[in-house]
$ cat structure.pdb   # PDB, C-alpha atoms, pLDDT in the B column
ATOM      1  CA  MET A  14       0.000   0.000   0.000  1.00 72.00           C
ATOM      2  CA  GLN A  15       1.316   3.398  -0.958  1.00 87.00           C
ATOM      3  CA  THR A  16       1.487   6.229   1.566  1.00 89.00           C
ATOM      4  CA  LEU A  17      -0.145   9.521   0.622  1.00 88.00           C
ATOM      5  CA  THR A  18       1.694  12.765   1.258  1.00 90.00           C
ATOM      6  CA  THR A  19       0.041  15.889   2.615  1.00 90.00           C
ATOM      7  CA  GLN A  20       0.539  17.440  -0.835  1.00 91.00           C
ATOM      8  CA  GLN A  21      -1.467  14.631  -2.453  1.00 91.00           C
ATOM      9  CA  ILE A  22      -4.209  14.823   0.172  1.00 91.00           C
ATOM     10  CA  ALA A  23      -4.381  18.620  -0.245  1.00 92.00           C
ATOM     11  CA  GLU A  24      -4.717  18.200  -4.017  1.00 92.00           C
ATOM     12  CA  LEU A  25      -7.476  15.634  -3.482  1.00 92.00           C
ATOM     13  CA  LEU A  26      -9.373  17.889  -1.060  1.00 92.00           C
ATOM     14  CA  ALA A  27      -9.031  20.876  -3.419  1.00 92.00           C
ATOM     15  CA  GLY A  28     -10.270  18.767  -6.339  1.00 92.00           C
ATOM     16  CA  ILE A  29     -13.278  17.557  -4.382  1.00 93.00           C
ATOM     17  CA  ALA A  30     -14.083  21.141  -3.390  1.00 92.00           C
ATOM     18  CA  ARG A  31     -13.866  22.240  -7.053  1.00 91.00           C
ATOM     19  CA  ALA A  32     -16.270  19.452  -8.050  1.00 94.00           C
ATOM     20  CA  GLN A  33     -18.672  20.432  -5.275  1.00 92.00           C
ATOM     21  CA  GLN A  34     -18.365  24.061  -6.372  1.00 91.00           C
ATOM     22  CA  ALA A  35     -19.383  23.068  -9.906  1.00 92.00           C
ATOM     23  CA  VAL A  36     -22.570  21.492  -8.540  1.00 93.00           C
ATOM     24  CA  ILE A  37     -23.224  24.579  -6.402  1.00 91.00           C
ATOM     25  CA  ASP A  38     -22.758  26.840  -9.438  1.00 91.00           C
ATOM     26  CA  ALA A  39     -25.206  24.703 -11.432  1.00 94.00           C
ATOM     27  CA  ILE A  40     -27.808  24.979  -8.672  1.00 93.00           C
ATOM     28  CA  GLU A  41     -27.183  28.730  -8.413  1.00 91.00           C
ATOM     29  CA  GLY A  42     -27.747  28.996 -12.173  1.00 92.00           C
ATOM     30  CA  GLN A  43     -31.159  27.356 -11.849  1.00 92.00           C
ATOM     31  CA  ARG A  44     -32.157  28.980  -8.555  1.00 91.00           C
ATOM     32  CA  PRO A  45     -30.554  32.423  -8.213  1.00 92.00           C
ATOM     33  CA  GLY A  46     -29.909  33.344  -4.598  1.00 90.00           C
ATOM     34  CA  PHE A  47     -29.329  29.749  -3.479  1.00 89.00           C
ATOM     35  CA  LYS A  48     -25.753  30.421  -2.332  1.00 86.00           C
ATOM     36  CA  GLY A  49     -26.559  33.512  -0.326  1.00 85.00           C
ATOM     37  CA  LYS A  50     -29.818  32.317   1.156  1.00 85.00           C
ATOM     38  CA  TYR A  51     -29.115  28.664   1.943  1.00 85.00           C
ATOM     39  CA  LEU A  52     -25.598  27.490   1.223  1.00 87.00           C
ATOM     40  CA  THR A  53     -23.420  30.008   3.043  1.00 83.00           C
ATOM     41  CA  THR A  54     -25.158  29.621   6.401  1.00 82.00           C
ATOM     42  CA  THR A  55     -25.166  25.831   6.133  1.00 83.00           C
ATOM     43  CA  LEU A  56     -21.469  25.705   5.218  1.00 84.00           C
ATOM     44  CA  THR A  57     -20.584  28.128   8.004  1.00 83.00           C
ATOM     45  CA  THR A  58     -22.321  25.833  10.464  1.00 81.00           C
ATOM     46  CA  ALA A  59     -20.623  22.732   9.038  1.00 81.00           C
ATOM     47  CA  ALA A  60     -17.202  24.418   9.203  1.00 81.00           C
ATOM     48  CA  ARG A  61     -17.900  25.503  12.795  1.00 81.00           C
ATOM     49  CA  ILE A  62     -16.623  28.990  12.072  1.00 76.00           C
ATOM     50  CA  ARG A  63     -19.097  30.841  14.292  1.00 72.00           C
ATOM     51  CA  ASN A  64     -18.119  28.802  17.348  1.00 69.00           C
ATOM     52  CA  THR A  65     -15.111  30.782  18.566  1.00 68.00           C
ATOM     53  CA  ALA A  66     -14.386  28.298  21.361  1.00 69.00           C
ATOM     54  CA  HIS A  67     -14.035  25.465  18.841  1.00 71.00           C
ATOM     55  CA  THR A  68     -10.548  24.401  17.826  1.00 78.00           C
ATOM     56  CA  ALA A  69     -10.352  23.559  14.126  1.00 77.00           C
ATOM     57  CA  THR A  70     -10.183  19.825  13.414  1.00 80.00           C
ATOM     58  CA  LEU A  71      -9.634  17.609  10.399  1.00 85.00           C
ATOM     59  CA  ALA A  72     -13.395  17.030  10.269  1.00 83.00           C
ATOM     60  CA  ASP A  73     -13.945  20.772   9.729  1.00 85.00           C
ATOM     61  CA  LEU A  74     -11.347  21.142   6.971  1.00 88.00           C
ATOM     62  CA  PRO A  75     -13.436  19.991   3.956  1.00 89.00           C
ATOM     63  CA  ALA A  76     -16.267  22.411   4.804  1.00 86.00           C
ATOM     64  CA  ARG A  77     -13.755  25.221   5.371  1.00 88.00           C
ATOM     65  CA  ILE A  78     -12.163  24.535   1.980  1.00 89.00           C
ATOM     66  CA  LEU A  79     -15.539  24.548   0.220  1.00 88.00           C
ATOM     67  CA  LEU A  80     -16.502  27.740   2.038  1.00 86.00           C
ATOM     68  CA  ALA A  81     -13.248  29.321   0.888  1.00 87.00           C
ATOM     69  CA  TYR A  82     -14.124  28.334  -2.696  1.00 88.00           C
ATOM     70  CA  GLN A  83     -17.212  30.545  -2.418  1.00 86.00           C
ATOM     71  CA  SER A  84     -15.000  33.647  -2.494  1.00 82.00           C
ATOM     72  CA  ARG A  85     -13.628  35.273  -5.620  1.00 82.00           C
ATOM     73  CA  ASN A  86     -10.112  33.986  -4.902  1.00 84.00           C
ATOM     74  CA  PRO A  87     -10.286  30.350  -3.801  1.00 84.00           C
ATOM     75  CA  PRO A  88      -7.296  28.934  -1.930  1.00 85.00           C
ATOM     76  CA  ASP A  89      -4.535  27.229  -3.826  1.00 88.00           C
ATOM     77  CA  VAL A  90      -3.233  23.773  -2.971  1.00 91.00           C
ATOM     78  CA  ALA A  91      -0.304  25.215  -0.983  1.00 91.00           C
ATOM     79  CA  VAL A  92      -2.699  26.929   1.452  1.00 90.00           C
ATOM     80  CA  VAL A  93      -4.745  23.742   1.835  1.00 90.00           C
ATOM     81  CA  GLN A  94      -1.555  21.739   2.382  1.00 92.00           C
ATOM     82  CA  ARG A  95      -0.270  24.176   5.016  1.00 91.00           C
ATOM     83  CA  ASP A  96      -3.569  24.038   6.929  1.00 89.00           C
ATOM     84  CA  LEU A  97      -3.636  20.248   6.654  1.00 91.00           C
ATOM     85  CA  GLU A  98      -0.091  19.970   7.995  1.00 91.00           C
ATOM     86  CA  ALA A  99      -0.935  22.335  10.866  1.00 89.00           C
ATOM     87  CA  LEU A 100      -3.938  20.215  11.827  1.00 88.00           C
ATOM     88  CA  LEU A 101      -1.945  16.990  11.600  1.00 88.00           C
ATOM     89  CA  ALA A 102       0.827  18.472  13.760  1.00 87.00           C
ATOM     90  CA  ALA A 103      -1.573  19.663  16.465  1.00 77.00           C
ATOM     91  CA  PRO A 104      -2.054  17.395  19.470  1.00 75.00           C
ATOM     92  CA  PRO A 105      -5.356  15.496  19.425  1.00 69.00           C
ATOM     93  CA  ALA A 106      -8.215  17.130  21.296  1.00 63.00           C
ATOM     94  CA  PRO A 107      -9.129  15.469  24.602  1.00 63.00           C
ATOM     95  CA  ALA A 108     -12.140  13.165  24.389  1.00 57.00           C
ATOM     96  CA  ALA A 109     -13.526  14.069  27.805  1.00 46.00           C
ATOM     97  CA  ALA A 110     -16.404  16.548  27.849  1.00 48.00           C
ATOM     98  CA  SER A 111     -15.051  18.204  30.987  1.00 45.00           C
ATOM     99  CA  ALA A 112     -11.692  18.993  29.405  1.00 48.00           C
ATOM    100  CA  PRO A 113     -10.718  22.680  29.346  1.00 51.00           C
ATOM    101  CA  VAL A 114     -11.286  24.585  26.119  1.00 51.00           C
ATOM    102  CA  GLN A 115      -8.120  24.927  24.074  1.00 53.00           C
ATOM    103  CA  ASP A 116      -7.156  28.202  22.450  1.00 53.00           C
ATOM    104  CA  ALA A 117      -7.622  28.350  18.693  1.00 51.00           C
ATOM    105  CA  PRO A 118      -4.400  28.018  16.697  1.00 51.00           C
ATOM    106  CA  ALA A 119      -2.782  31.236  15.547  1.00 52.00           C
ATOM    107  CA  PRO A 120      -3.469  32.237  11.945  1.00 50.00           C
ATOM    108  CA  ALA A 121      -0.837  31.651   9.312  1.00 52.00           C
ATOM    109  CA  ALA A 122       1.758  34.414   9.070  1.00 52.00           C
ATOM    110  CA  SER A 123       0.899  35.203   5.450  1.00 55.00           C
ATOM    111  CA  GLY A 124      -2.831  35.568   6.156  1.00 59.00           C
ATOM    112  CA  ASP A 125      -3.706  32.862   3.611  1.00 66.00           C
ATOM    113  CA  SER A 126      -5.194  30.429   6.112  1.00 64.00           C
ATOM    114  CA  LEU A 127      -8.579  28.790   5.650  1.00 66.00           C
ATOM    115  CA  ASP A 128      -9.358  29.654   9.258  1.00 63.00           C
ATOM    116  CA  MET A 129     -11.969  32.386   8.857  1.00 60.00           C
ATOM    117  CA  THR A 130     -12.327  33.068  12.583  1.00 60.00           C
ATOM    118  CA  PHE A 131      -9.420  35.502  12.330  1.00 55.00           C
ATOM    119  CA  SER A 132     -10.057  38.656  10.342  1.00 49.00           C
TER     120      SER A 132
END

$ encode --input "structure.pdb" --output "structure tokens"
Amino acid sequence: MQTLTTQQIAELLAGIARAQQAVIDAIEGQRPGFKGKYLTTTLTTAARIRNTAHTATLADLPARILLAYQSRNPPDVAVVQRDLEALLAAPPAPAAASAPVQDAPAPAASGDSLDMTFS
């Protein structure tokens, strides 16, 4: 079995997001206002961006990538790879419900992070 690199996984995630974006654009073409009225709020919830006490996880990354593709300048693979590597390097979150809330990771120095909780 071959091992995937973070670059390959980032390319895969970006490709999936582009395919999902094509479906979203097709729906928007048939039902104008779909993105603004329905999609953005649903994706924001799925990406857990409004929850400021939530530490970003690998489970949130696909929704964050797709949400970033909604902007005029979607992220490139290098940004996705950097965020993926940061999440993989972070210690796993404690499973206990009574565990203290961890601080959110600092945004990338270049400002090209998918983490939209920092403006």

$ resolve_selection --input "structure.pdb" --expression "the PyMOL selection byres ((chain A and resi 23-32) around 8)" --output "PyMOL selection string"
chain A and resi 19-22+33-36+75+78-79+82+89-91+93-94+97

$ closest_residue --input "structure.pdb" --among "A:Ala81, A:Ala76, A:Ala69, A:Met14" --to "Leu100 (chain A)" --atoms "all atoms listed in the file"
A:Ala69

$ atom_distance --input "structure.pdb" --atom1 "CA of Thr16 (chain A)" --atom2 "CA of Pro88 (chain A)"
24.6 Å

$ atom_distance --input "structure.pdb" --atom1 "CA of Asp73 (chain A)" --atom2 "CA of Ala60 (chain A)"
4.9 Å

$ closest_residue --input "structure.pdb" --among "A:Thr57, A:Tyr51, A:Glu41, A:Val92" --to "Arg77 (chain A)" --atoms "only C-alpha atoms"
A:Thr57

$ closest_residue --input "structure.pdb" --among "A:Gln43, A:Leu80, A:Leu101, A:Gly49" --to "Arg61 (chain A)" --atoms "all atoms listed in the file"
A:Leu80

$ atom_distance --input "structure.pdb" --atom1 "CA of Pro45 (chain A)" --atom2 "CA of Ala59 (chain A)"
22.1 Å
